[in-house]
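Below: work.txt (compact mmCIF, C-alpha atoms and all ligand atoms)
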# COMPACT_ATOMS: atom_id res chain seq x y z
CA MET A 1 -11.89 -2.38 20.50
CA ASN A 2 -9.59 -1.03 17.78
CA ILE A 3 -8.23 -3.50 15.26
CA VAL A 4 -5.81 -3.15 12.37
CA ILE A 5 -5.82 -5.74 9.56
CA SER A 6 -2.60 -5.87 7.53
CA ALA A 7 -3.50 -7.47 4.19
CA ASP A 8 -0.81 -9.04 1.98
CA MET A 9 -1.54 -11.05 -1.16
CA GLU A 10 0.65 -14.18 -1.52
CA GLY A 11 -1.30 -15.97 1.21
CA ILE A 12 -4.76 -15.10 -0.12
CA SER A 13 -7.19 -17.92 -0.93
CA GLY A 14 -6.40 -19.57 -4.28
CA VAL A 15 -3.23 -17.55 -4.95
CA THR A 16 -0.33 -19.76 -6.06
CA THR A 17 1.86 -18.15 -8.75
CA PRO A 18 3.52 -14.74 -9.33
CA GLY A 19 0.98 -13.97 -12.10
CA ASP A 20 -1.74 -13.95 -9.44
CA VAL A 21 -0.22 -11.04 -7.51
CA HIS A 22 1.52 -8.73 -10.02
CA PRO A 23 -0.44 -5.44 -10.03
CA GLY A 24 -2.01 -4.58 -13.36
CA THR A 25 -2.25 -8.16 -14.68
CA PRO A 26 -5.53 -10.03 -15.31
CA GLY A 27 -4.60 -12.62 -12.68
CA TRP A 28 -4.03 -9.91 -10.06
CA ASP A 29 -7.30 -8.20 -11.01
CA HIS A 30 -9.12 -11.47 -10.36
CA PHE A 31 -7.41 -12.24 -7.07
CA ARG A 32 -7.69 -8.73 -5.62
CA LYS A 33 -11.44 -9.36 -5.42
CA ILE A 34 -10.80 -12.62 -3.57
CA MET A 35 -8.33 -10.73 -1.35
CA THR A 36 -11.15 -8.33 -0.50
CA ASP A 37 -13.41 -11.30 0.32
CA ASP A 38 -10.75 -12.72 2.69
CA VAL A 39 -10.41 -9.30 4.38
CA ASN A 40 -14.20 -8.94 4.68
CA ALA A 41 -14.40 -12.38 6.31
CA ALA A 42 -11.94 -11.25 9.00
CA ILE A 43 -13.91 -8.01 9.51
CA ALA A 44 -17.14 -9.98 9.94
CA GLY A 45 -15.53 -12.33 12.50
CA PHE A 46 -14.03 -9.45 14.47
CA PHE A 47 -17.30 -7.52 14.67
CA GLU A 48 -19.04 -10.67 15.89
CA ALA A 49 -16.44 -10.87 18.68
CA GLY A 50 -16.88 -7.25 19.80
CA ALA A 51 -14.70 -5.06 17.54
CA LYS A 52 -15.73 -1.42 17.40
CA ASN A 53 -13.29 0.08 14.91
CA ILE A 54 -11.36 -1.67 12.12
CA VAL A 55 -8.72 -0.21 9.82
CA VAL A 56 -7.46 -2.30 6.89
CA ASN A 57 -3.89 -1.53 5.80
CA ASP A 58 -3.18 -2.72 2.22
CA SER A 59 0.32 -4.22 2.49
CA HIS A 60 1.10 -5.78 -0.91
CA ALA A 61 3.39 -4.30 -3.61
CA SER A 62 1.95 -0.91 -4.64
CA MET A 63 -0.45 -1.27 -1.68
CA GLY A 64 -3.52 -0.55 -3.79
CA ASN A 65 -5.04 -4.02 -4.10
CA VAL A 66 -8.12 -4.23 -1.88
CA VAL A 67 -11.21 -3.24 -3.89
CA VAL A 68 -12.58 -0.32 -1.90
CA ASP A 69 -16.16 -0.47 -3.19
CA GLN A 70 -16.37 -4.12 -2.16
CA LEU A 71 -14.99 -3.49 1.33
CA ASP A 72 -17.23 -4.08 4.34
CA THR A 73 -18.57 -0.58 5.03
CA ARG A 74 -17.89 -0.91 8.77
CA ALA A 75 -14.11 -0.71 8.10
CA THR A 76 -11.82 1.93 6.58
CA LEU A 77 -8.93 1.28 4.18
CA ILE A 78 -5.37 2.65 4.08
CA SER A 79 -4.60 2.33 0.37
CA GLY A 80 -1.46 3.36 -1.54
CA ARG A 81 2.13 4.15 -0.68
CA HIS A 82 4.44 5.35 0.82
CA LYS A 83 3.80 4.81 4.51
CA LYS A 84 6.27 5.33 7.35
CA HIS A 85 5.43 1.98 8.93
CA CYS A 86 4.78 0.08 5.72
CA MET A 87 2.84 -3.15 6.44
CA VAL A 88 1.98 -2.06 10.01
CA GLU A 89 0.86 1.47 9.22
CA GLY A 90 -1.97 2.49 11.50
CA VAL A 91 -0.79 0.36 14.46
CA THR A 92 -0.39 2.55 17.58
CA LYS A 93 -0.54 2.18 21.36
CA GLU A 94 -4.31 2.71 21.00
CA THR A 95 -4.61 -0.42 18.82
CA ASP A 96 -6.02 -3.42 20.72
CA ALA A 97 -5.26 -6.15 18.18
CA LEU A 98 -3.49 -6.76 14.86
CA ALA A 99 -4.37 -9.31 12.15
CA PHE A 100 -2.39 -10.65 9.19
CA ILE A 101 -4.44 -11.66 6.15
CA GLY A 102 -2.79 -13.30 3.12
CA TYR A 103 0.64 -13.62 4.74
CA HIS A 104 3.50 -15.92 3.66
CA THR A 105 6.77 -17.46 4.86
CA ALA A 106 10.23 -15.84 4.99
CA ALA A 107 12.94 -15.40 2.35
CA GLY A 108 14.75 -18.67 1.70
CA GLN A 109 12.04 -20.82 3.32
CA GLN A 110 9.55 -23.15 1.65
CA GLY A 111 6.04 -21.71 1.26
CA ILE A 112 3.88 -20.08 -1.42
CA MET A 113 5.96 -17.20 -2.87
CA SER A 114 8.11 -17.08 0.26
CA HIS A 115 10.05 -13.83 0.66
CA THR A 116 10.79 -11.04 3.12
CA TYR A 117 10.04 -7.70 1.41
CA SER A 118 12.13 -8.52 -1.68
CA GLY A 119 11.14 -11.51 -3.81
CA ASP A 120 14.60 -12.26 -5.19
CA ILE A 121 17.53 -10.31 -3.74
CA TYR A 122 17.15 -11.38 -0.09
CA HIS A 123 18.26 -14.99 0.33
CA ALA A 124 17.72 -14.89 4.10
CA VAL A 125 16.84 -12.33 6.76
CA TRP A 126 17.37 -12.79 10.52
CA LEU A 127 16.09 -10.61 13.35
CA ASN A 128 18.05 -11.23 16.57
CA ASP A 129 19.16 -14.55 15.02
CA GLU A 130 15.57 -15.72 14.35
CA ILE A 131 14.48 -16.35 10.75
CA CYS A 132 12.56 -13.18 9.91
CA SER A 133 9.31 -13.45 8.00
CA GLU A 134 7.21 -10.34 7.47
CA GLY A 135 4.80 -11.76 10.05
CA TYR A 136 7.58 -12.13 12.61
CA MET A 137 8.95 -8.63 11.91
CA ASN A 138 5.54 -6.99 12.15
CA ALA A 139 4.61 -8.95 15.30
CA VAL A 140 7.82 -7.77 17.01
CA PHE A 141 6.98 -4.18 16.00
CA ALA A 142 3.47 -4.57 17.43
CA ALA A 143 4.75 -6.17 20.65
CA GLU A 144 6.87 -3.08 21.29
CA LEU A 145 3.57 -1.13 21.40
CA GLY A 146 1.87 -3.81 23.53
CA VAL A 147 -0.34 -4.93 20.62
CA PRO A 148 -1.02 -8.68 20.14
CA VAL A 149 -1.44 -10.48 16.80
CA VAL A 150 -4.82 -12.27 16.99
CA LEU A 151 -5.29 -13.71 13.48
CA ILE A 152 -3.11 -15.04 10.65
CA SER A 153 -4.31 -16.40 7.30
CA GLY A 154 -2.12 -18.02 4.64
CA ASP A 155 -0.76 -21.40 3.60
CA ASP A 156 -0.07 -24.19 6.12
CA LEU A 157 3.64 -23.27 6.44
CA THR A 158 2.80 -19.62 7.17
CA ILE A 159 0.62 -20.79 10.03
CA GLU A 160 3.48 -22.96 11.36
CA ASP A 161 5.69 -19.84 11.27
CA ALA A 162 3.00 -17.81 13.09
CA LYS A 163 2.88 -20.21 16.04
CA ARG A 164 6.24 -18.91 17.31
CA TYR A 165 5.20 -15.24 17.37
CA ALA A 166 1.43 -15.46 18.01
CA PRO A 167 0.76 -18.63 20.04
CA ASP A 168 -2.78 -17.57 21.08
CA ALA A 169 -3.97 -16.29 17.69
CA GLY A 170 -6.68 -17.69 15.44
CA TYR A 171 -5.19 -19.52 12.46
CA ALA A 172 -6.81 -19.79 9.02
CA VAL A 173 -5.09 -22.26 6.66
CA VAL A 174 -6.49 -21.48 3.19
CA LYS A 175 -4.16 -23.75 1.15
CA ARG A 176 -1.48 -26.41 1.52
CA CYS A 177 1.94 -25.63 0.06
CA VAL A 178 3.13 -28.26 -2.46
CA ASP A 179 6.06 -26.18 -3.73
CA ARG A 180 6.91 -22.47 -3.80
CA PHE A 181 4.52 -21.77 -6.72
CA THR A 182 2.15 -24.74 -6.22
CA ALA A 183 -0.59 -25.24 -3.67
CA GLU A 184 -3.56 -27.45 -2.93
CA CYS A 185 -6.25 -24.79 -2.48
CA ILE A 186 -9.47 -24.79 -0.51
CA ALA A 187 -12.30 -23.12 -2.46
CA PRO A 188 -12.60 -19.42 -1.54
CA GLU A 189 -16.29 -19.93 -0.87
CA LYS A 190 -15.18 -22.15 2.01
CA THR A 191 -12.10 -20.22 3.19
CA VAL A 192 -14.16 -17.12 4.03
CA GLY A 193 -15.91 -19.22 6.67
CA ILE A 194 -12.57 -20.53 7.98
CA ILE A 195 -11.16 -16.97 8.24
CA LYS A 196 -14.30 -15.64 9.94
CA VAL A 197 -14.24 -18.34 12.62
CA ALA A 198 -10.48 -17.90 13.18
CA ALA A 199 -10.94 -14.10 13.57
CA ARG A 200 -13.70 -14.58 16.13
CA ASP A 201 -11.74 -17.22 18.08
CA GLY A 202 -8.49 -15.24 17.99
CA LEU A 203 -10.11 -12.09 19.34
CA THR A 204 -11.87 -14.08 22.07
CA ARG A 205 -8.47 -15.41 23.26
CA ILE A 206 -6.76 -11.98 23.12
CA ARG A 207 -3.76 -11.63 25.44
CA LYS A 208 -1.11 -8.89 25.72
CA PRO A 209 2.23 -9.92 24.20
CA ALA A 210 5.44 -10.06 26.21
CA PRO A 211 6.92 -6.55 26.15
CA GLY A 212 9.54 -6.17 23.45
CA LYS A 213 13.05 -5.26 24.47
CA GLY A 214 15.92 -4.06 22.30
CA PRO A 215 18.40 -3.94 20.83
CA TYR A 216 17.19 -5.31 17.52
CA THR A 217 19.76 -6.67 15.07
CA PHE A 218 18.91 -7.39 11.43
CA ARG A 219 21.27 -9.62 9.44
CA ILE A 220 20.62 -10.05 5.72
CA ASP A 221 22.07 -12.43 3.11
CA PHE A 222 21.85 -10.84 -0.36
CA ALA A 223 21.92 -12.41 -3.81
CA SER A 224 25.00 -10.42 -4.89
CA ALA A 225 27.94 -8.48 -3.43
CA ASN A 226 26.90 -5.20 -5.09
CA GLN A 227 23.77 -5.04 -2.93
CA VAL A 228 25.89 -5.15 0.23
CA ILE A 229 27.98 -2.19 -0.86
CA ALA A 230 24.82 -0.26 -1.81
CA VAL A 231 23.20 -0.70 1.62
CA THR A 232 26.35 0.23 3.56
CA HIS A 233 25.78 3.81 2.35
CA ILE A 234 23.25 3.91 5.19
CA PRO A 235 24.90 5.00 8.47
CA GLY A 236 24.94 2.08 10.92
CA VAL A 237 24.64 -0.63 8.26
CA GLU A 238 27.87 -2.68 8.14
CA GLN A 239 29.20 -5.35 5.79
CA THR A 240 29.50 -8.67 7.66
CA GLY A 241 30.30 -10.95 4.71
CA THR A 242 30.77 -10.89 0.93
CA ARG A 243 27.00 -11.01 0.48
CA GLN A 244 25.91 -10.10 4.01
CA ALA A 245 25.16 -6.89 5.90
CA SER A 246 23.94 -6.20 9.42
CA TYR A 247 22.70 -3.33 11.58
CA THR A 248 21.38 -2.78 15.09
CA CYS A 249 18.74 -0.34 16.41
CA GLN A 250 17.60 0.23 19.97
CA THR A 251 13.89 0.20 19.06
CA MET A 252 11.97 -2.02 16.65
CA GLU A 253 10.29 1.05 15.19
CA GLU A 254 13.71 2.34 14.05
CA ALA A 255 14.82 -1.12 12.94
CA LEU A 256 11.71 -1.55 10.76
CA ARG A 257 12.15 1.87 9.15
CA CYS A 258 15.82 1.11 8.46
CA PHE A 259 14.83 -2.22 6.86
CA GLU A 260 12.66 -0.31 4.40
CA VAL A 261 15.61 1.91 3.44
CA VAL A 262 17.90 -1.13 3.08
CA THR A 263 15.33 -2.67 0.72
CA ILE A 264 15.11 0.50 -1.39
CA MET A 265 18.91 0.78 -1.66
CA ALA A 266 19.38 -2.93 -2.41
CA ASN A 267 16.69 -2.87 -5.10
CA ASN A 268 18.28 0.24 -6.59
CA SER A 269 21.61 -1.56 -7.06
CA ARG A 270 20.09 -4.59 -8.80
CA ASP A 271 20.97 -5.17 -12.46
CA LYS A 272 18.28 -6.75 -14.67
CA ILE A 273 20.65 -9.45 -15.95
CA TYR A 274 23.40 -9.82 -13.36
CA GLY A 275 21.31 -9.24 -10.25
ZN ZN A 301 4.57 -9.95 1.80
For the structure just supplied, provide its representation as structure tokens.
Ligand SMILES: [Zn+2]
Amino acid sequence: MNIVISADMEGISGVTTPGDVHPGTPGWDHFRKIMTDDVNAAIAGFFEAGAKNIVVNDSHASMGNVVVDQLDTRATLISGRHKKHCMVEGVTKETDALAFIGYHTAAGQQGIMSHTYSGDIYHAVWLNDEICSEGYMNAVFAAELGVPVVLISGDDLTIEDAKRYAPDAGYAVVKRCVDRFTAECIAPEKTVGIIKVAARDGLTRIRKPAPGKGPYTFRIDFASANQVIAVTHIPGVEQTGTRQASYTCQTMEEALRCFEVVTIMANNSRDKIYG
């Protein structure tokens, strides 16, 4: 059984504030070790439930967070960027199951460091009129390939979000959201056990997702009007409001790749002071 683990950082055990996840900072250096522990817990649970091959795809910021010499030696690690399929790199039709470790809620929603790709310039993202978290987006991408999501770890609100796109998965709540940068955390020593059990249970209940069907329409509310004009340089991306743009693709694979370009263009148009 081939499994891909997509590992983000905002939903890792004990992580609560931006200083915990900014690459190169002391806080990040501390929590990347805990991130690796959370990932290793999922690997251990999956192997107990019959996994044969596990690839970990580092999915946070510069995508070089997981500490490779602390990684369970039974798995391999996709580290660094850029990657054509970003957070779901490595997922193919040969993949049997996908897991989300350290995930978080969508832009504009409550939850620890909630965002969808961009932390500040996306006020809301919808995919076919559903609020679009990274978990939702990546699960729709995987469903197009017939791959189910079997495990999600993060705060309690992330798990609530996951129930709509992965109803049979194992859920690992590692902290309770108090506010966007405040959480009541379970000790990491304990969360590794919670993640391991959820991984094992999720893989035991594995079921093929409903086949995805296009078209796929992304609609994005931006912080400022200049970002809308910047992204409409991309063929197919249209302005649908003063601070809103939208586009439609026939496959989720194309829609996901276009979302990455939209994010690059929008970030490029951002001013440090005026946004
Ligand atoms: Zn993320």
Check your understanding: Which residues, written as an NGL selection string, have at least one atom at most 9 Å from segment 196-200 of chain A, with all atoms listed in the file counted and residues fewer than 5 positions away on the same chain left out?
Key -> :A and (38 or 40-50 or 99 or 150-153 or 169-172 or 191 or 205)
Using C-alpha atoms, can you export the residues from the last selection as a PDB file, in the coordinates of the input?
ATOM      1  CA  ASP A  38     -10.750 -12.720   2.690  1.00  0.00           C
ATOM      2  CA  ASN A  40     -14.200  -8.940   4.680  1.00  0.00           C
ATOM      3  CA  ALA A  41     -14.400 -12.380   6.310  1.00  0.00           C
ATOM      4  CA  ALA A  42     -11.940 -11.250   9.000  1.00  0.00           C
ATOM      5  CA  ILE A  43     -13.910  -8.010   9.510  1.00  0.00           C
ATOM      6  CA  ALA A  44     -17.140  -9.980   9.940  1.00  0.00           C
ATOM      7  CA  GLY A  45     -15.530 -12.330  12.500  1.00  0.00           C
ATOM      8  CA  PHE A  46     -14.030  -9.450  14.470  1.00  0.00           C
ATOM      9  CA  PHE A  47     -17.300  -7.520  14.670  1.00  0.00           C
ATOM     10  CA  GLU A  48     -19.040 -10.670  15.890  1.00  0.00           C
ATOM     11  CA  ALA A  49     -16.440 -10.870  18.680  1.00  0.00           C
ATOM     12  CA  GLY A  50     -16.880  -7.250  19.800  1.00  0.00           C
ATOM     13  CA  ALA A  99      -4.370  -9.310  12.150  1.00  0.00           C
ATOM     14  CA  VAL A 150      -4.820 -12.270  16.990  1.00  0.00           C
ATOM     15  CA  LEU A 151      -5.290 -13.710  13.480  1.00  0.00           C
ATOM     16  CA  ILE A 152      -3.110 -15.040  10.650  1.00  0.00           C
ATOM     17  CA  SER A 153      -4.310 -16.400   7.300  1.00  0.00           C
ATOM     18  CA  ALA A 169      -3.970 -16.290  17.690  1.00  0.00           C
ATOM     19  CA  GLY A 170      -6.680 -17.690  15.440  1.00  0.00           C
ATOM     20  CA  TYR A 171      -5.190 -19.520  12.460  1.00  0.00           C
ATOM     21  CA  ALA A 172      -6.810 -19.790   9.020  1.00  0.00           C
ATOM     22  CA  THR A 191     -12.100 -20.220   3.190  1.00  0.00           C
ATOM     23  CA  ARG A 205      -8.470 -15.410  23.260  1.00  0.00           C
TER      24      ARG A 205
END
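The set of protein, DNA and RNA residues with any counted atom at most 7 Å from (-1.9, -20.8, 6.6) (all atoms listed in the file) reads Ser153, Gly154, Asp155, Asp156, Leu157, Thr158, Ile159, Tyr171, Ala172, Val173, Val174 and Lys175 of chain A.
Every polymer residue reaching to within 12 Å of (31.2, -7.4, 5.3), counting all atoms listed in the file, appears in this list: Arg219, Ile220, Asp221, Phe222, Ala225, Asn226, Gln227, Val228, Ile229, Ala230, Val231, Thr232, Val237, Glu238, Gln239, Thr240, Gly241, Thr242, Arg243, Gln244, Ala245, Ser246 and Tyr247 of chain A.
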Give me the box for segment 64-80 of chain A as lines of an AutoDock Vina configuration file, namely the centre and edge lengths in Å to one decimal of a box along x, y and z that holds every listed atom plus 3 Å on each side.
center_x = -10.0
center_y = -0.4
center_z = 2.3
size_x = 23.1
size_y = 13.6
size_z = 18.9
Review point. Which value, in Å to one decimal, gives the distance between atom CA of Ile234 of chain A and atom CA of Met252 of chain A?
Key: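 Those two atoms sit 17.1 Å apart.
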Show me, as an mmCIF file with C-alpha atoms, keeping the file's coordinate frame, the residues that have an atom within 8 Å of segment 66-68 of chain A when counting only C-alpha atoms, minus same-chain residues fewer than 2 positions from it.
data_model
loop_
_atom_site.group_PDB
_atom_site.id
_atom_site.type_symbol
_atom_site.label_atom_id
_atom_site.label_comp_id
_atom_site.auth_asym_id
_atom_site.auth_seq_id
_atom_site.Cartn_x
_atom_site.Cartn_y
_atom_site.Cartn_z
ATOM 1 C CA ARG A 32 -7.690 -8.730 -5.620
ATOM 2 C CA LYS A 33 -11.440 -9.360 -5.420
ATOM 3 C CA MET A 35 -8.330 -10.730 -1.350
ATOM 4 C CA THR A 36 -11.150 -8.330 -0.500
ATOM 5 C CA ASP A 58 -3.180 -2.720 2.220
ATOM 6 C CA GLY A 64 -3.520 -0.550 -3.790
ATOM 7 C CA GLN A 70 -16.370 -4.120 -2.160
ATOM 8 C CA LEU A 71 -14.990 -3.490 1.330
ATOM 9 C CA LEU A 77 -8.930 1.280 4.180
ATOM 10 C CA SER A 79 -4.600 2.330 0.370
#
Point to revise | Met63 of chain A surroundings by only C-alpha atoms, 12 Å radius, close-in-sequence under 6 positions cut, as a PyMOL selection string | key: chain A and resi 6-9+21-23+32+56-57+77-83+86-89
Review point. When you draw a straight line from atom CA of Ile186 of chain A to atom CA of Ala106 of chain A, how long is it in Å?
Key: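 Straight-line distance from atom CA of Ile186 of chain A to atom CA of Ala106 of chain A works out to 22.3 Å.
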Practice item. Go through A:Val55, A:Ala223, A:Ser133, A:Asp201 one by one, measure the shortest atom-to-atom distance of each to Arg74 of chain A using all atoms listed in the file, and give the residue with the smallest value. Key: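 Of the candidates, the smallest distance to Arg74 of chain A is held by A:Val55.
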Exercise for review: Set the cut-off to 8 Å, count all atoms listed in the file, and list whatever residues fall near ligand ZN 301 (chain A) as a list in words.
Suggested key: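 Residues satisfying the distance criterion: Asp8, Met9, Glu10, Ser59, His60, Ala61, Tyr103, His104, His115, Thr116, Tyr117 and Glu134 of chain A.
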Point to revise | Two-atom distance - atom CA of Thr263 of chain A, atom CA of Val91 of chain A (Å) | key: 21.4 Å
Where does segment 182-264 of chain A meet segment 142-147 of chain A within 9 Å, residue by residue, with the nearest atom pair and distance in Å to one decimal for each, counting all atoms listed in the file, listed by chain and rising number, as a Markdown table?
| residue | atom | partner | partner_atom | distance |
| --- | --- | --- | --- | --- |
| A:Arg207 | CA | A:Val147 | CA | 8.9 |
| A:Lys208 | CA | A:Gly146 | CA | 6.3 |
| A:Pro209 | CA | A:Ala143 | CA | 5.7 |
| A:Ala210 | CA | A:Ala143 | CA | 6.8 |
| A:Pro211 | CA | A:Ala143 | CA | 5.9 |
| A:Gly212 | CA | A:Glu144 | CA | 4.6 |
| A:Lys213 | CA | A:Glu144 | CA | 7.3 |
| A:Thr251 | CA | A:Glu144 | CA | 8.1 |
| A:Met252 | CA | A:Glu144 | CA | 7.0 |
| A:Glu253 | CA | A:Glu144 | CA | 8.1 |
Check your understanding: Quick one: of A:Gly214, A:Gly27, A:Gly90, A:Pro235, who's nearest to Val4 of chain A, counting only C-alpha atoms?
Key -> A:Gly90
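Nearest-residue note for Gly19 of chain A: choosing from A:Ala255, A:Phe181, A:Asp129, A:Glu94, the minimum distance belongs to A:Phe181, counting only C-alpha atoms.
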Practice item. Could you check which of A:Ile194, A:Ile3, A:Ile101, A:Ala266 is closest to Ala75 of chain A, using all atoms listed in the file? Key: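 So, comparing all the options, the nearest one is A:Ile3.
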Revision key, fill the gap. Counting only C-alpha atoms, closest pick from A:Gln110, A:Phe259, A:Asp29, A:Gly11 relative to Cys185 of chain A is A:Gly11
Point to revise | Residue with smallest distance to Asp179 of chain A - pool A:Ala51, A:Met113, A:Ile5, A:Ile12, counting all atoms listed in the file | key: A:Met113
Can you give me N, CA and C atoms for segment 5-28 of chain A, written as a PDB file, in the frame of the given file?
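part.pdb, written as the output of this step:
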ATOM      1  N   ILE A   5      -6.047  -4.551  10.402  1.00  0.00           N
ATOM      2  CA  ILE A   5      -5.820  -5.740   9.560  1.00  0.00           C
ATOM      3  C   ILE A   5      -4.784  -5.374   8.510  1.00  0.00           C
ATOM      4  N   SER A   6      -3.627  -6.042   8.554  1.00  0.00           N
ATOM      5  CA  SER A   6      -2.600  -5.870   7.530  1.00  0.00           C
ATOM      6  C   SER A   6      -2.829  -6.941   6.470  1.00  0.00           C
ATOM      7  N   ALA A   7      -3.116  -6.513   5.238  1.00  0.00           N
ATOM      8  CA  ALA A   7      -3.500  -7.470   4.190  1.00  0.00           C
ATOM      9  C   ALA A   7      -2.420  -7.570   3.114  1.00  0.00           C
ATOM     10  N   ASP A   8      -1.785  -8.751   3.038  1.00  0.00           N
ATOM     11  CA  ASP A   8      -0.810  -9.040   1.980  1.00  0.00           C
ATOM     12  C   ASP A   8      -1.515  -9.915   0.944  1.00  0.00           C
ATOM     13  N   MET A   9      -0.815 -10.372  -0.076  1.00  0.00           N
ATOM     14  CA  MET A   9      -1.540 -11.050  -1.160  1.00  0.00           C
ATOM     15  C   MET A   9      -1.100 -12.492  -1.417  1.00  0.00           C
ATOM     16  N   GLU A  10       0.174 -12.832  -1.154  1.00  0.00           N
ATOM     17  CA  GLU A  10       0.650 -14.180  -1.520  1.00  0.00           C
ATOM     18  C   GLU A  10      -0.085 -15.280  -0.766  1.00  0.00           C
ATOM     19  N   GLY A  11      -0.608 -14.960   0.412  1.00  0.00           N
ATOM     20  CA  GLY A  11      -1.300 -15.970   1.210  1.00  0.00           C
ATOM     21  C   GLY A  11      -2.818 -15.902   1.096  1.00  0.00           C
ATOM     22  N   ILE A  12      -3.306 -15.197   0.098  1.00  0.00           N
ATOM     23  CA  ILE A  12      -4.760 -15.100  -0.120  1.00  0.00           C
ATOM     24  C   ILE A  12      -5.296 -16.419  -0.700  1.00  0.00           C
ATOM     25  N   SER A  13      -6.547 -16.695  -0.449  1.00  0.00           N
ATOM     26  CA  SER A  13      -7.190 -17.920  -0.930  1.00  0.00           C
ATOM     27  C   SER A  13      -7.001 -18.076  -2.442  1.00  0.00           C
ATOM     28  N   GLY A  14      -6.527 -19.252  -2.852  1.00  0.00           N
ATOM     29  CA  GLY A  14      -6.400 -19.570  -4.280  1.00  0.00           C
ATOM     30  C   GLY A  14      -5.159 -19.038  -4.963  1.00  0.00           C
ATOM     31  N   VAL A  15      -4.435 -18.131  -4.341  1.00  0.00           N
ATOM     32  CA  VAL A  15      -3.230 -17.550  -4.950  1.00  0.00           C
ATOM     33  C   VAL A  15      -2.088 -18.563  -4.897  1.00  0.00           C
ATOM     34  N   THR A  16      -1.438 -18.797  -6.053  1.00  0.00           N
ATOM     35  CA  THR A  16      -0.330 -19.760  -6.060  1.00  0.00           C
ATOM     36  C   THR A  16       0.898 -19.287  -6.825  1.00  0.00           C
ATOM     37  N   THR A  17       0.729 -18.490  -7.888  1.00  0.00           N
ATOM     38  CA  THR A  17       1.860 -18.150  -8.750  1.00  0.00           C
ATOM     39  C   THR A  17       2.042 -16.637  -8.854  1.00  0.00           C
ATOM     40  N   PRO A  18       3.266 -16.183  -9.256  1.00  0.00           N
ATOM     41  CA  PRO A  18       3.520 -14.740  -9.330  1.00  0.00           C
ATOM     42  C   PRO A  18       2.489 -13.989 -10.181  1.00  0.00           C
ATOM     43  N   GLY A  19       1.974 -14.627 -11.243  1.00  0.00           N
ATOM     44  CA  GLY A  19       0.980 -13.970 -12.100  1.00  0.00           C
ATOM     45  C   GLY A  19      -0.310 -13.633 -11.383  1.00  0.00           C
ATOM     46  N   ASP A  20      -0.512 -14.235 -10.215  1.00  0.00           N
ATOM     47  CA  ASP A  20      -1.740 -13.950  -9.440  1.00  0.00           C
ATOM     48  C   ASP A  20      -1.626 -12.669  -8.633  1.00  0.00           C
ATOM     49  N   VAL A  21      -0.399 -12.160  -8.461  1.00  0.00           N
ATOM     50  CA  VAL A  21      -0.220 -11.040  -7.510  1.00  0.00           C
ATOM     51  C   VAL A  21       0.515  -9.842  -8.103  1.00  0.00           C
ATOM     52  N   HIS A  22       0.838  -9.876  -9.397  1.00  0.00           N
ATOM     53  CA  HIS A  22       1.520  -8.730 -10.020  1.00  0.00           C
ATOM     54  C   HIS A  22       0.487  -7.667 -10.398  1.00  0.00           C
ATOM     55  N   PRO A  23       0.554  -6.478  -9.745  1.00  0.00           N
ATOM     56  CA  PRO A  23      -0.440  -5.440 -10.030  1.00  0.00           C
ATOM     57  C   PRO A  23      -0.537  -5.113 -11.520  1.00  0.00           C
ATOM     58  N   GLY A  24      -1.764  -4.955 -11.972  1.00  0.00           N
ATOM     59  CA  GLY A  24      -2.010  -4.580 -13.360  1.00  0.00           C
ATOM     60  C   GLY A  24      -2.254  -5.756 -14.291  1.00  0.00           C
ATOM     61  N   THR A  25      -2.038  -6.984 -13.816  1.00  0.00           N
ATOM     62  CA  THR A  25      -2.250  -8.160 -14.680  1.00  0.00           C
ATOM     63  C   THR A  25      -3.669  -8.701 -14.486  1.00  0.00           C
ATOM     64  N   PRO A  26      -4.175  -9.463 -15.466  1.00  0.00           N
ATOM     65  CA  PRO A  26      -5.530 -10.030 -15.310  1.00  0.00           C
ATOM     66  C   PRO A  26      -5.633 -10.952 -14.097  1.00  0.00           C
ATOM     67  N   GLY A  27      -4.579 -11.728 -13.838  1.00  0.00           N
ATOM     68  CA  GLY A  27      -4.600 -12.620 -12.680  1.00  0.00           C
ATOM     69  C   GLY A  27      -4.737 -11.837 -11.381  1.00  0.00           C
ATOM     70  N   TRP A  28      -3.959 -10.783 -11.263  1.00  0.00           N
ATOM     71  CA  TRP A  28      -4.030  -9.910 -10.060  1.00  0.00           C
ATOM     72  C   TRP A  28      -5.421  -9.295  -9.925  1.00  0.00           C
TER      73      TRP A  28
END
